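Colleague: Below is the structure I would like to discuss, written out as structure tokens.
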Amino acid sequence: MTCSHSRTKQTWVTTNCFGEETEGEWESETVSTTVDLDLHRYKCAQCGEVMYYSGAAKEYYETGVDRKGLFL
Ligand SMILES: [Zn+2]
């Protein structure tokens with residue numbers, strides 16, 4: 001299964017009218033499952049994939065070379 005780095009959150013929302021039957025419905029919203037890992041890097045808490053905010057950050061973590069001066 002391909003991870004979309006997001007999940008659908010279901011919330012039961014009720015409309016509470018006093019003296020009447022309580023009605024409700026499921027509301028779904030899509031929330032991101034990514035969390036900040038450290039500087040210029042984040043990962044998906046669901047699949048564990050590490051992603052980068054920029055190509056320069058990716059290069060730094062992969063090669064150790066900070067050509068753009070991101071980590072000064
Ligand atoms: Zn993911």
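In the structure tokens, the first chain shown is A, the next is B, and so on; residue numbers restart at 1 for each chain, and ligands run from 1 in the order shown.
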Near A:Ser32, counting only C-alpha atoms, which residues have an atom at most 12 Å away, once you skip same-chain residues fewer than 2 positions from it, shown as JSON, numbers by chain?

Modeller: {"A": [3, 4, 5, 6, 7, 8, 9, 29, 30, 34, 35, 36, 42, 43, 44, 45, 46]}

Colleague: With a distance cut-off of 10 Å and only C-alpha atoms, select the neighbouring residues of A:Ser54, excluding the residue or stretch itself and same-chain residues fewer than 5 positions from it, and output the selection as an mmCIF file with C-alpha atoms, in the first residue's frame.

Modeller:
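Listing of selection27.cif after writing:
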data_model
loop_
_atom_site.group_PDB
_atom_site.id
_atom_site.type_symbol
_atom_site.label_atom_id
_atom_site.label_comp_id
_atom_site.auth_asym_id
_atom_site.auth_seq_id
_atom_site.Cartn_x
_atom_site.Cartn_y
_atom_site.Cartn_z
ATOM 1 C CA HIS A 40 15.047 20.861 7.184
ATOM 2 C CA ARG A 41 13.842 17.305 7.597
ATOM 3 C CA GLU A 59 22.085 16.549 -0.197
#

Colleague: Give the answer as one residue: which of A:Val13, A:Ala57, A:Leu72, A:Cys47 has the shortest atom-to-atom distance to ligand 1, using only C-alpha atoms and all ligand atoms?

Modeller: A:Cys47

Colleague: Find the residues near A:Glu25: any atom within 12 Å, counting only C-alpha atoms, skip ones fewer than 3 places away on the same chain, and give them as a ChimeraX atom specification.

Modeller: /A:10-16,22,28

Colleague: Let's have the selection written as an mmCIF file, in the first residue's frame, with N, CA and C atoms.

Modeller:
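selection.cif written:
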data_model
loop_
_atom_site.group_PDB
_atom_site.id
_atom_site.type_symbol
_atom_site.label_atom_id
_atom_site.label_comp_id
_atom_site.auth_asym_id
_atom_site.auth_seq_id
_atom_site.Cartn_x
_atom_site.Cartn_y
_atom_site.Cartn_z
ATOM 1 N N GLN A 10 -12.002 10.678 11.710
ATOM 2 C CA GLN A 10 -13.461 10.690 11.779
ATOM 3 C C GLN A 10 -13.890 11.229 13.132
ATOM 4 N N THR A 11 -14.777 12.184 13.102
ATOM 5 C CA THR A 11 -15.285 12.756 14.340
ATOM 6 C C THR A 11 -16.805 12.707 14.326
ATOM 7 N N TRP A 12 -17.350 12.213 15.407
ATOM 8 C CA TRP A 12 -18.806 12.173 15.531
ATOM 9 C C TRP A 12 -19.267 13.526 16.071
ATOM 10 N N VAL A 13 -20.006 14.231 15.259
ATOM 11 C CA VAL A 13 -20.448 15.571 15.646
ATOM 12 C C VAL A 13 -21.946 15.517 15.942
ATOM 13 N N THR A 14 -22.285 15.925 17.134
ATOM 14 C CA THR A 14 -23.698 15.889 17.514
ATOM 15 C C THR A 14 -24.281 17.287 17.618
ATOM 16 N N THR A 15 -25.508 17.356 17.260
ATOM 17 C CA THR A 15 -26.254 18.594 17.427
ATOM 18 C C THR A 15 -27.205 18.350 18.593
ATOM 19 N N ASN A 16 -26.917 18.987 19.689
ATOM 20 C CA ASN A 16 -27.666 18.698 20.902
ATOM 21 C C ASN A 16 -28.759 19.733 21.150
ATOM 22 N N THR A 22 -31.048 13.710 20.100
ATOM 23 C CA THR A 22 -29.733 14.161 19.684
ATOM 24 C C THR A 22 -29.401 13.609 18.304
ATOM 25 N N SER A 28 -15.497 13.813 8.473
ATOM 26 C CA SER A 28 -14.136 13.347 8.264
ATOM 27 C C SER A 28 -13.261 14.472 7.739
#

Colleague: Kindly indicate which residue among A:Gly55, A:Gly19, A:Gly48, A:Gly24 lies nearest to ligand 1, using only C-alpha atoms and all ligand atoms for the distances.

Modeller: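 For ligand 1, the nearest of the given residues is A:Gly48.
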
Colleague: Just list as an MDAnalysis selection string whatever in chain A DSSP marks as strand (DSSP E).

Modeller: chainID A and resid 6:15 23:32 34:38 41:44 50:52

Colleague: Please measure the separation of atom CA of A:Ala56 and atom CA of A:Leu70, giving the value in Å to one decimal.

Modeller: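 Atom CA of A:Leu70 lies at a distance of 7.8 Å from atom CA of A:Ala56.
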
Colleague: So, counting only C-alpha atoms and all ligand atoms, which residue among A:Thr2, A:Glu20, A:Asp38, A:Lys58 is closest to ligand 1?

Modeller: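 Going through A:Thr2, A:Glu20, A:Asp38, A:Lys58 one by one, the smallest distance to ligand 1 is for A:Thr2.
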
Colleague: One decimal, Å: what's the distance from atom CA of A:Thr63 over to atom CA of A:Glu49, could you say?

Modeller: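 Answer for the atom CA of A:Thr63 to atom CA of A:Glu49 separation: 18.2 Å.
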
Colleague: Determine the nearest neighbour of ligand 1 from the options A:Phe18, A:Val50, A:Phe71, A:Val31, counting only C-alpha atoms and all ligand atoms.

Modeller: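 Between A:Phe18, A:Val50, A:Phe71, A:Val31, the residue approaching ligand 1 most closely is A:Val50.
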
Colleague: I'd like to know which of A:Tyr60, A:Met51, A:Glu21, A:Gly69 is closest to ligand 1, using only C-alpha atoms and all ligand atoms.

Modeller: A:Met51

Colleague: Would you mind telling me which residue in A:Thr33, A:Glu23, A:Arg67, A:Cys17 lies nearest to ligand 1 when using only C-alpha atoms and all ligand atoms?

Modeller: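 When distances to ligand 1 are compared using only C-alpha atoms and all ligand atoms, the smallest one comes from A:Thr33.
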
Colleague: If you run DSSP over the backbone, which residues in chain A end up alpha helix (DSSP H)? Put them as a list in words.

Modeller: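 Assigned to alpha helix (DSSP H), within chain A: Gly55, Ala56, Ala57, Lys58, Glu59, Tyr60, Tyr61, Glu62 and Thr63 of chain A.
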